[in-house]
$ cat upload13.txt   # compact mmCIF, C-alpha atoms
# COMPACT_ATOMS: atom_id res chain seq x y z
CA MET L 1 95.14 83.62 139.67
CA ILE L 2 98.88 83.10 139.71
CA ALA L 3 99.25 86.86 140.25
CA LEU L 4 97.21 86.60 143.44
CA LEU L 5 99.26 83.64 144.67
CA LEU L 6 102.54 85.45 143.97
CA ARG L 7 101.28 88.62 145.63
CA ASP L 8 100.24 86.75 148.77
CA LEU L 9 103.56 84.93 148.97
CA ARG L 10 105.45 88.18 148.48
CA LEU L 11 103.38 89.84 151.19
CA ALA L 12 104.00 86.93 153.55
CA ILE L 13 107.74 87.20 153.03
CA ARG L 14 107.89 91.00 153.26
CA ALA L 15 105.56 91.44 156.19
CA GLY L 16 107.41 88.75 158.16
CA GLY L 17 105.21 86.96 160.64
CA GLY L 18 103.45 84.96 157.96
CA PHE L 19 106.22 82.46 157.45
CA GLY L 20 107.86 82.56 160.86
CA LEU L 21 104.96 82.53 163.28
CA GLY L 22 103.57 79.05 162.60
CA LEU L 23 107.01 77.56 162.31
CA ALA L 24 108.21 79.13 165.58
CA PHE L 25 105.09 77.92 167.37
CA PHE L 26 105.60 74.39 166.04
CA LEU L 27 109.22 74.43 167.16
CA ILE L 28 108.38 75.74 170.64
CA VAL L 29 105.68 73.15 171.29
CA VAL L 30 107.77 70.23 170.13
CA VAL L 31 110.85 71.40 172.03
CA LEU L 32 108.88 71.96 175.24
CA VAL L 33 107.04 68.63 175.28
CA PRO L 34 110.10 66.55 176.35
CA PHE L 35 110.63 68.99 179.25
CA GLY L 36 107.00 68.56 180.24
CA VAL L 37 106.69 64.80 180.08
CA GLY L 38 110.22 63.90 181.05
CA PRO L 39 113.15 62.47 179.09
CA GLU L 40 111.90 58.89 178.94
CA THR L 41 112.48 57.92 175.28
CA ALA L 42 110.00 55.02 175.24
CA LEU L 43 107.17 57.30 176.32
CA LEU L 44 108.27 60.11 174.01
CA SER L 45 108.47 57.92 170.94
CA ARG L 46 104.99 56.59 171.69
CA ILE L 47 103.40 60.02 171.89
CA ALA L 48 105.56 61.60 169.15
CA PRO L 49 103.12 61.07 166.21
CA GLY L 50 100.26 62.65 168.13
CA ILE L 51 102.33 65.58 169.43
CA LEU L 52 103.75 66.34 165.98
CA TRP L 53 100.34 66.31 164.37
CA VAL L 54 98.60 68.35 167.09
CA ALA L 55 101.41 70.90 167.07
CA SER L 56 101.33 71.32 163.29
CA LEU L 57 97.55 71.62 163.34
CA LEU L 58 97.66 74.38 165.96
CA ALA L 59 100.49 76.10 164.10
CA ALA L 60 98.38 76.13 160.93
CA LEU L 61 95.44 77.50 162.94
CA LEU L 62 97.52 80.42 164.19
CA SER L 63 97.67 82.36 160.94
CA LEU L 64 94.21 81.57 159.59
CA ASP L 65 92.51 84.82 160.52
CA ARG L 66 94.97 86.77 158.39
CA ILE L 67 93.92 85.01 155.18
CA PHE L 68 91.08 87.37 154.35
CA ALA L 69 91.10 89.93 157.17
CA LEU L 70 93.84 92.14 155.70
CA ASP L 71 92.32 92.13 152.23
CA TYR L 72 88.94 92.94 153.72
CA GLU L 73 90.25 95.86 155.73
CA ASP L 74 92.10 97.58 152.91
CA GLY L 75 89.31 97.03 150.41
CA SER L 76 91.14 94.64 148.08
CA LEU L 77 88.56 91.93 148.68
CA ALA L 78 85.75 94.04 147.22
CA LEU L 79 87.98 94.94 144.29
CA LEU L 80 88.85 91.27 143.75
CA ALA L 81 85.16 90.41 143.84
CA THR L 82 84.49 92.84 140.98
CA SER L 83 87.55 91.70 139.00
CA PRO L 84 87.45 89.03 136.27
CA LEU L 85 89.08 86.60 138.71
CA PRO L 86 86.36 84.23 139.96
CA LEU L 87 86.07 84.31 143.74
CA GLU L 88 86.29 80.51 143.74
CA GLY L 89 89.71 80.80 142.16
CA ALA L 90 90.72 83.51 144.60
CA ALA L 91 89.68 81.26 147.50
CA LEU L 92 91.73 78.39 146.11
CA MET L 93 94.78 80.61 145.65
CA LYS L 94 94.42 82.00 149.17
CA ALA L 95 94.37 78.46 150.56
CA LEU L 96 97.36 77.53 148.45
CA ALA L 97 99.31 80.59 149.59
CA HIS L 98 98.47 79.73 153.21
CA TRP L 99 99.70 76.19 152.68
CA VAL L 100 102.96 77.31 151.08
CA THR L 101 103.63 79.70 153.98
CA THR L 102 102.63 77.33 156.81
CA GLY L 103 101.87 73.73 155.80
CA LEU L 104 104.87 73.24 153.55
CA PRO L 105 107.51 74.62 155.98
CA LEU L 106 105.91 72.59 158.80
CA THR L 107 106.13 69.44 156.70
CA LEU L 108 109.75 70.08 155.89
CA VAL L 109 110.92 70.69 159.46
CA ALA L 110 108.75 67.97 161.04
CA PRO L 111 111.29 65.15 160.52
CA ALA L 112 113.98 67.20 162.28
CA LEU L 113 111.64 67.79 165.19
CA GLY L 114 110.60 64.14 165.18
CA PHE L 115 114.19 63.42 166.10
CA LEU L 116 113.77 65.55 169.26
CA LEU L 117 110.83 63.36 170.26
CA SER L 118 112.77 60.18 169.39
CA LEU L 119 110.23 59.17 166.79
CA ALA L 120 110.69 55.60 165.60
CA PRO L 121 112.98 55.53 162.51
CA GLU L 122 110.38 53.67 160.41
CA ALA L 123 107.87 56.48 160.91
CA TYR L 124 109.80 59.37 159.32
CA ALA L 125 108.67 58.64 155.78
CA TYR L 126 105.05 58.38 156.90
CA LEU L 127 105.31 61.57 158.95
CA LEU L 128 106.47 63.41 155.87
CA ILE L 129 103.84 61.85 153.61
CA SER L 130 100.97 62.29 156.04
CA LEU L 131 101.79 65.95 156.64
CA LEU L 132 102.23 66.51 152.91
CA ILE L 133 98.80 65.04 152.20
CA GLY L 134 97.05 66.36 155.30
CA THR L 135 98.17 69.96 155.73
CA PRO L 136 96.60 71.19 152.44
CA ALA L 137 93.22 70.16 153.88
CA LEU L 138 93.98 72.20 157.01
CA SER L 139 94.65 75.26 154.85
CA MET L 140 91.56 74.82 152.69
CA ILE L 141 89.21 74.21 155.63
CA GLY L 142 90.82 77.12 157.43
CA THR L 143 90.28 79.39 154.41
CA PHE L 144 86.60 78.52 154.52
CA GLY L 145 86.51 79.35 158.23
CA ALA L 146 88.35 82.62 157.59
CA ALA L 147 85.76 83.54 154.95
CA LEU L 148 82.96 82.84 157.44
CA THR L 149 84.42 85.19 160.02
CA VAL L 150 85.79 87.91 157.72
CA GLY L 151 84.64 91.35 158.79
CA LEU L 152 83.93 90.26 162.34
CA ARG L 153 85.87 92.05 165.01
CA ARG L 154 87.80 89.55 167.12
CA GLY L 155 86.69 86.77 164.79
CA GLY L 156 89.74 84.70 165.70
CA LEU L 157 88.09 82.87 168.59
CA LEU L 158 84.98 82.08 166.59
CA LEU L 159 87.18 80.96 163.72
CA SER L 160 89.04 78.47 165.93
CA LEU L 161 85.77 77.11 167.31
CA LEU L 162 84.33 76.68 163.82
CA VAL L 163 87.40 75.14 162.29
CA LEU L 164 88.69 72.80 165.02
CA PRO L 165 85.90 70.20 164.71
CA LEU L 166 86.48 70.11 160.97
CA TYR L 167 90.17 69.49 161.60
CA VAL L 168 89.55 66.44 163.78
CA PRO L 169 89.26 63.78 161.01
CA THR L 170 92.51 64.94 159.39
CA LEU L 171 94.21 64.87 162.79
CA ILE L 172 92.94 61.37 163.60
CA PHE L 173 93.97 59.84 160.31
CA GLY L 174 97.25 61.75 160.16
CA ALA L 175 98.43 60.74 163.61
CA GLU L 176 97.13 57.20 163.02
CA ALA L 177 99.14 56.85 159.82
CA VAL L 178 102.35 57.91 161.57
CA ARG L 179 101.63 55.67 164.57
CA ARG L 180 100.99 52.66 162.37
CA GLY L 181 104.16 53.47 160.44
CA ALA L 182 106.12 53.61 163.71
CA GLU L 183 104.77 50.23 164.79
CA GLY L 184 105.51 48.63 161.44
CA LEU L 185 101.84 48.23 160.49
CA ASP L 186 100.36 49.16 157.14
CA PRO L 187 99.30 52.84 157.19
CA THR L 188 97.80 52.88 153.68
CA GLY L 189 94.20 52.95 154.90
CA ALA L 190 94.66 56.01 157.09
CA LEU L 191 96.64 57.79 154.38
CA MET L 192 93.95 57.04 151.80
CA LEU L 193 91.17 58.36 154.02
CA MET L 194 93.18 61.50 154.72
CA ALA L 195 93.87 61.99 151.03
CA GLY L 196 90.11 61.64 150.51
CA ILE L 197 89.42 64.42 153.01
CA THR L 198 91.97 66.66 151.31
CA ALA L 199 90.61 65.97 147.83
CA GLY L 200 87.05 66.48 149.01
CA SER L 201 87.77 69.75 150.73
CA PHE L 202 89.59 71.10 147.67
CA ALA L 203 86.71 70.04 145.44
CA LEU L 204 83.93 71.58 147.53
CA LEU L 205 85.25 74.30 149.81
CA PRO L 206 86.40 76.85 147.19
CA PHE L 207 82.77 77.14 146.12
CA ALA L 208 81.51 77.36 149.69
CA THR L 209 84.20 79.93 150.50
CA ALA L 210 83.27 82.08 147.51
CA ALA L 211 79.57 81.94 148.40
CA VAL L 212 80.31 82.96 151.99
CA LEU L 213 82.58 85.80 150.85
CA ARG L 214 79.85 87.17 148.58
CA ILE L 215 77.45 87.26 151.52
CA ASN L 216 80.02 88.86 153.82
CA LEU L 217 80.86 91.56 151.28
CA ARG L 218 77.28 92.84 151.11
CA MET G 1 75.61 101.49 127.79
CA LEU G 2 74.53 101.55 131.44
CA ARG G 3 70.81 101.28 132.05
CA VAL G 4 69.18 101.23 135.46
CA GLN G 5 65.47 100.54 135.72
CA ASN G 6 63.32 100.90 138.84
CA LEU G 7 66.16 99.88 141.10
CA THR G 8 65.44 99.48 144.79
CA CYS G 9 68.45 98.84 146.97
CA ALA G 10 68.94 98.18 150.66
CA ARG G 11 71.56 98.72 153.31
CA GLY G 12 71.61 96.38 156.28
CA GLY G 13 68.32 94.83 155.17
CA LEU G 14 66.43 98.14 155.09
CA PRO G 15 65.59 99.76 151.75
CA VAL G 16 67.25 103.15 151.33
CA LEU G 17 66.53 104.02 147.70
CA ALA G 18 63.48 103.06 145.67
CA ASP G 19 62.65 103.16 141.97
CA VAL G 20 65.87 104.72 140.75
CA SER G 21 66.03 104.83 136.95
CA PHE G 22 68.64 106.40 134.71
CA GLU G 23 70.75 105.77 131.66
CA VAL G 24 74.34 106.68 130.96
CA ALA G 25 75.67 106.45 127.42
CA ALA G 26 79.25 105.70 126.44
CA GLY G 27 81.45 108.75 126.89
CA GLU G 28 79.23 110.27 129.58
CA VAL G 29 79.54 110.88 133.28
CA LEU G 30 76.72 110.92 135.79
CA ILE G 31 77.32 112.67 139.11
CA LEU G 32 75.29 111.39 142.06
CA ARG G 33 74.34 114.06 144.57
CA GLY G 34 72.52 113.89 147.84
CA PRO G 35 73.06 114.37 151.56
CA ASN G 36 75.09 111.91 153.66
CA GLY G 37 73.28 108.66 154.29
CA ILE G 38 70.94 108.97 151.32
CA GLY G 39 72.39 105.77 149.83
CA LYS G 40 75.01 106.82 147.27
CA THR G 41 77.47 104.15 148.37
CA THR G 42 74.71 101.54 148.57
CA LEU G 43 73.58 102.41 145.05
CA LEU G 44 77.12 102.17 143.68
CA ARG G 45 77.79 98.85 145.41
CA THR G 46 74.53 97.49 144.05
CA LEU G 47 75.39 98.67 140.54
CA ALA G 48 78.83 97.06 140.83
CA GLY G 49 77.20 93.76 141.83
CA LEU G 50 78.69 93.64 145.32
CA GLN G 51 75.23 93.39 146.83
CA PRO G 52 71.94 92.23 145.33
CA ALA G 53 69.16 94.67 144.47
CA ILE G 54 65.76 94.17 146.09
CA SER G 55 64.10 94.81 142.77
CA GLY G 56 64.77 96.43 139.45
CA GLU G 57 67.32 95.85 136.75
CA VAL G 58 70.85 96.98 136.08
CA SER G 59 72.38 96.27 132.71
CA TYR G 60 75.81 96.97 131.29
CA PRO G 61 78.21 94.84 129.27
CA ASP G 62 79.51 91.82 131.19
CA ASP G 63 82.96 92.10 132.72
CA GLU G 64 83.14 95.82 132.12
CA GLY G 65 82.20 97.13 135.58
CA ALA G 66 84.73 98.33 138.13
CA TYR G 67 84.21 99.71 141.59
CA ALA G 68 86.37 102.06 143.61
CA SER G 69 85.59 103.26 147.10
CA HIS G 70 87.19 104.98 150.08
CA ALA G 71 89.35 101.88 150.56
CA ASP G 72 91.90 101.75 147.77
CA GLY G 73 93.03 98.15 148.22
CA ILE G 74 96.66 99.21 148.46
CA LYS G 75 99.08 96.74 150.01
CA THR G 76 101.40 98.56 152.37
CA ALA G 77 104.23 96.08 151.87
CA LEU G 78 104.26 96.37 148.07
CA THR G 79 105.71 99.23 146.06
CA VAL G 80 103.59 101.54 143.92
CA THR G 81 104.61 99.70 140.74
CA GLU G 82 103.97 96.28 142.29
CA ASN G 83 100.53 97.34 143.45
CA LEU G 84 99.59 98.45 139.96
CA THR G 85 101.18 95.45 138.27
CA PHE G 86 99.16 93.11 140.48
CA TRP G 87 95.86 94.65 139.40
CA ALA G 88 96.99 94.67 135.77
CA ASP G 89 97.78 90.94 136.03
CA VAL G 90 94.48 90.13 137.71
CA HIS G 91 92.64 91.90 134.90
CA GLY G 92 94.89 90.39 132.26
CA ALA G 93 95.94 93.85 131.06
CA ALA G 94 99.34 95.33 130.38
CA LEU G 95 100.55 98.23 132.49
CA PRO G 96 100.18 101.39 130.36
CA ALA G 97 103.58 103.03 129.97
CA ASP G 98 102.46 106.51 130.98
CA ILE G 99 100.13 105.59 133.84
CA LEU G 100 102.55 106.74 136.56
CA GLU G 101 103.03 110.12 134.88
CA THR G 102 99.29 110.55 134.36
CA PHE G 103 98.66 110.38 138.09
CA ASP G 104 101.92 112.08 139.08
CA LEU G 105 103.30 108.91 140.67
CA ALA G 106 106.55 108.63 138.69
CA ASP G 107 108.72 109.87 141.57
CA LEU G 108 107.06 107.40 143.92
CA ARG G 109 107.33 104.31 141.77
CA ASP G 110 109.59 102.36 144.15
CA ARG G 111 108.10 103.64 147.39
CA LEU G 112 106.22 101.15 149.57
CA GLY G 113 102.47 101.61 149.74
CA GLY G 114 102.67 102.03 153.50
CA THR G 115 104.87 105.12 153.23
CA LEU G 116 102.51 107.08 150.98
CA SER G 117 100.42 109.97 152.25
CA ALA G 118 96.63 109.76 152.12
CA GLY G 119 96.48 111.82 148.94
CA GLN G 120 99.23 109.78 147.28
CA LYS G 121 97.41 106.56 148.17
CA ARG G 122 94.28 107.98 146.63
CA ARG G 123 96.15 108.79 143.42
CA LEU G 124 97.49 105.24 143.36
CA GLY G 125 93.96 103.92 143.90
CA LEU G 126 92.73 106.02 140.97
CA ALA G 127 95.66 104.94 138.82
CA ARG G 128 94.36 101.38 139.28
CA LEU G 129 91.30 102.43 137.27
CA GLY G 130 93.57 103.44 134.42
CA VAL G 131 95.32 100.07 134.59
CA ILE G 132 92.41 97.67 134.60
CA GLY G 133 90.90 99.04 131.40
CA ARG G 134 87.26 98.67 132.35
CA LYS G 135 84.65 100.78 130.64
CA VAL G 136 81.96 101.19 133.30
CA LEU G 137 83.29 102.82 136.47
CA PHE G 138 81.42 103.18 139.74
CA LEU G 139 83.36 105.67 141.83
CA ASP G 140 82.55 106.45 145.42
CA GLU G 141 84.02 109.82 146.45
CA PRO G 142 87.09 109.49 144.21
CA THR G 143 88.47 112.89 145.18
CA VAL G 144 88.56 112.49 148.96
CA SER G 145 91.90 113.71 150.36
CA LEU G 146 93.10 114.93 146.94
CA ASP G 147 94.45 118.46 146.58
CA ARG G 148 93.17 120.75 143.86
CA PHE G 149 95.99 119.86 141.48
CA SER G 150 95.33 116.12 141.85
CA VAL G 151 91.61 116.59 141.35
CA LYS G 152 92.46 118.26 138.05
CA LEU G 153 94.79 115.35 137.13
CA PHE G 154 91.95 112.95 137.81
CA ALA G 155 89.40 115.03 135.90
CA ASP G 156 91.78 115.27 132.94
CA TRP G 157 92.32 111.53 132.91
CA LEU G 158 88.58 110.92 133.15
CA GLN G 159 87.74 113.29 130.30
CA ASN G 160 90.63 112.81 127.92
CA ARG G 161 91.38 109.13 128.42
CA HIS G 162 88.47 107.26 129.90
CA LEU G 163 85.49 109.05 128.36
CA ALA G 164 87.29 109.72 125.10
CA ALA G 165 87.88 105.97 124.77
CA GLY G 166 84.16 105.29 125.08
CA GLY G 167 84.03 104.64 128.81
CA LEU G 168 81.47 105.94 131.24
CA ALA G 169 81.41 106.67 134.94
CA VAL G 170 78.91 107.05 137.74
CA ILE G 171 80.49 109.18 140.44
CA ALA G 172 79.27 110.01 143.91
CA THR G 173 80.94 113.22 144.99
CA HIS G 174 80.30 116.43 146.87
CA ILE G 175 82.72 118.61 144.96
CA ASP G 176 82.84 120.11 141.50
CA LEU G 177 85.08 118.08 139.19
CA GLY G 178 85.66 121.09 136.93
CA PHE G 179 83.82 119.96 133.83
CA PRO G 180 80.13 120.00 132.98
CA ALA G 181 78.34 116.73 133.69
CA PRO G 182 74.72 115.77 134.27
CA GLU G 183 73.81 115.36 137.92
CA LEU G 184 71.29 113.12 139.59
CA ASP G 185 69.96 114.18 142.97
CA LEU G 186 69.00 111.06 144.91
CA THR G 187 66.85 112.83 147.51
CA PRO G 188 63.53 112.22 145.66
CA PHE G 189 64.25 108.48 145.53
CA LYS G 190 64.58 108.05 149.28
CA ALA G 191 62.71 104.87 150.19
CA SER G 192 59.71 105.19 152.47
CA LEU G 193 59.85 102.92 155.49
CA ASP G 194 57.14 100.60 154.19
CA THR G 195 58.93 99.76 150.94
CA GLY G 196 58.82 95.98 151.01
CA GLY G 197 61.51 93.45 150.50
CA GLY G 198 63.89 94.22 153.28
CA THR G 199 62.00 92.91 156.27
CA ASP G 200 62.77 89.24 155.75
CA GLU G 201 66.44 89.84 155.61
CA ALA G 202 66.41 92.01 158.70
CA PHE G 203 65.26 89.03 160.73
CA LEU G 204 67.48 86.42 159.20
$ encode --input "upload13.txt" --output "structure tokens"
Amino acid sequence: MIALLLRDLRLAIRAGGGFGLGLAFFLIVVVLVPFGVGPETALLSRIAPGILWVASLLAALLSLDRIFALDYEDGSLALLATSPLPLEGAALMKALAHWVTTGLPLTLVAPALGFLLSLAPEAYAYLLISLLIGTPALSMIGTFGAALTVGLRRGGLLLSLLVLPLYVPTLIFGAEAVRRGAEGLDPTGALMLMAGITAGSFALLPFATAAVLRINLR
Amino acid sequence: MLRVQNLTCARGGLPVLADVSFEVAAGEVLILRGPNGIGKTTLLRTLAGLQPAISGEVSYPDDEGAYASHADGIKTALTVTENLTFWADVHGAALPADILETFDLADLRDRLGGTLSAGQKRRLGLARLGVIGRKVLFLDEPTVSLDRFSVKLFADWLQNRHLAAGGLAVIATHIDLGFPAPELDLTPFKASLDTGGGTDEAFL
């Protein structure tokens, strides 16, 4: 399983795109927002939690269709399915690799970009924590969506439509946690609920993903 | 070691082959023959467990089956050695020291998969079979885009390494591999249109 994770990370680094695309998108959105809504810091700091979360969610969405599509096209997916590696494990590793190449970099640069949106100083810790807890769920749910649409031509649109509603709870609780942090309220409840979503998706979705892959490989 | 009994398999929900039965013992090869579209690929995928059979039984030792098709599963951004090492790791096997020589890949060991020619990719795909150490091989047109010399390399490996070590192989191919092997013509097993089982799935 580790071999698969390492291979995917190596491919993401070598092929470019994988790492850079989501990060560049995140950067562009966050940099452009102040130009769009004007330089008023009070307004910016109020909408900052929401903007940061929406932007990171869309950035994670951007690279989802590559999770299984490349392996499906070159035949590796069928070979993996007949290997001793359980497909559930492969699904988990794929999600993990996606998180390391998108979710983790997004989490790490988010505080710097929060500064551009004049995010309240109290909120930085919660921004970091909420993204750290929340983005793995985005990757896991996205992996499931990618498995559903693998083998479809132009499956990207369908993938976004399938996955976006499933992303909504994470988005709500994530942005809420940061907003409450910014206003000096207790964000524990929102963080707990979001951690629950992440834990739940990692407990259930590898199995669902593997089942869907088996059907799509027929 | 491989036993197939009354197997009926389907492609796209429609049965293509019905009541296929055969046995292959350790150290033997079975060549599948038949015109295009008869269901050779479907049969091999069903045997490998990639798709369910409509009816019938397939039995071979657990975790011994391997499948290879037209798509070699080669990553264009990884080198030849890295590609092979990945499959060795996934199968928990060590990379045999002479595998690159066996398939004439030694000069290409540090080349990226994307820069290989079609025939070289094929040789790399076949070398994977030597790496993963599985006994029961289901090979779909393994010699496509190989030159005569490479076909001989492959046949030598199959005979002297794989079969000699107690492996077996079911191979769909249109060419002569250069050694005597029993053949199975699939034409008589062509499913008639009313063979049941597929209709439900066609409407799902």
$ closest_residue --input "upload13.txt" --among "G:Val58, G:Arg111, G:Phe138, G:Leu30" --to "chain L" --atoms "only C-alpha atoms"
G:Phe138
$ interface_residues --input "upload13.txt" --of "chain L" --to "chain G" --cutoff "12 Å" --atoms "all atoms listed in the file" --output "PyMOL selection string"
chain L and resi 1-16+70-87+89-90+213-218
$ write_last_selection --input "upload13.txt" --atoms "C-alpha atoms" --output "compact mmCIF listing (two decimals), in the frame of the given file"
# COMPACT_ATOMS: atom_id res chain seq x y z
CA MET L 1 95.14 83.62 139.67
CA ILE L 2 98.88 83.10 139.71
CA ALA L 3 99.25 86.86 140.25
CA LEU L 4 97.21 86.60 143.44
CA LEU L 5 99.26 83.64 144.67
CA LEU L 6 102.54 85.45 143.97
CA ARG L 7 101.28 88.62 145.63
CA ASP L 8 100.24 86.75 148.77
CA LEU L 9 103.56 84.93 148.97
CA ARG L 10 105.45 88.18 148.48
CA LEU L 11 103.38 89.84 151.19
CA ALA L 12 104.00 86.93 153.55
CA ILE L 13 107.74 87.20 153.03
CA ARG L 14 107.89 91.00 153.26
CA ALA L 15 105.56 91.44 156.19
CA GLY L 16 107.41 88.75 158.16
CA LEU L 70 93.84 92.14 155.70
CA ASP L 71 92.32 92.13 152.23
CA TYR L 72 88.94 92.94 153.72
CA GLU L 73 90.25 95.86 155.73
CA ASP L 74 92.10 97.58 152.91
CA GLY L 75 89.31 97.03 150.41
CA SER L 76 91.14 94.64 148.08
CA LEU L 77 88.56 91.93 148.68
CA ALA L 78 85.75 94.04 147.22
CA LEU L 79 87.98 94.94 144.29
CA LEU L 80 88.85 91.27 143.75
CA ALA L 81 85.16 90.41 143.84
CA THR L 82 84.49 92.84 140.98
CA SER L 83 87.55 91.70 139.00
CA PRO L 84 87.45 89.03 136.27
CA LEU L 85 89.08 86.60 138.71
CA PRO L 86 86.36 84.23 139.96
CA LEU L 87 86.07 84.31 143.74
CA GLY L 89 89.71 80.80 142.16
CA ALA L 90 90.72 83.51 144.60
CA LEU L 213 82.58 85.80 150.85
CA ARG L 214 79.85 87.17 148.58
CA ILE L 215 77.45 87.26 151.52
CA ASN L 216 80.02 88.86 153.82
CA LEU L 217 80.86 91.56 151.28
CA ARG L 218 77.28 92.84 151.11
$ residues_around --input "upload13.txt" --residues "L:Arg153" --least-positions-apart "3" --cutoff "12 Å" --atoms "all atoms listed in the file" --output "number ranges by chain"
L: 65, 69, 72-73, 149-150, 156-159
$ atom_distance --input "upload13.txt" --atom1 "atom CA of L:Leu104" --atom2 "atom CA of L:Ala59"
11.8 Å
$ residues_near_point --input "upload13.txt" --point "(91.3, 67.1, 152.5)" --cutoff "12 Å" --atoms "all atoms listed in the file" --output "ChimeraX atom specification"
/L:95,130-142,166-171,173-174,191-205
$ atom_distance --input "upload13.txt" --atom1 "atom CA of L:Phe144" --atom2 "atom CA of L:Ile172"
20.4 Å
$ atom_distance --input "upload13.txt" --atom1 "atom CA of G:Tyr60" --atom2 "atom CA of G:Ile171"
16.0 Å
$ residues_around --input "upload13.txt" --residues "G:Asp107" --least-positions-apart "5" --cutoff "12 Å" --atoms "all atoms listed in the file" --output "PyMOL selection string"
chain G and resi 79-81+100-102+116+120
$ residues_near_point --input "upload13.txt" --point "(64.2, 96.7, 140.7)" --cutoff "6 Å" --atoms "all atoms listed in the file" --output "list in words"
Asn6, Leu7, Thr8, Ser55, Gly56 and Glu57 of chain G
$ axis_aligned_box --input "upload13.txt" --around "stretch 79-82 of chain L" --padding-each-side "5 Å" --output "JSON"
{"center_x": 86.7, "center_y": 92.7, "center_z": 142.6, "size_x": 14.4, "size_y": 14.5, "size_z": 13.3}
$ closest_residue --input "upload13.txt" --among "G:Ala165, G:Leu105, G:Leu17, G:Leu84" --to "G:Leu44" --atoms "only C-alpha atoms"
G:Leu17
$ residues_around --input "upload13.txt" --residues "stretch 27-33 of chain L" --least-positions-apart "5" --cutoff "7 Å" --atoms "all atoms listed in the file" --output "list in words"
Leu52, Ala55 and Leu113 of chain L
$ closest_residue --input "upload13.txt" --among "L:Ala146, L:Ala190, L:Val54, L:Glu183" --to "L:Lys94" --atoms "all atoms listed in the file"
L:Ala146
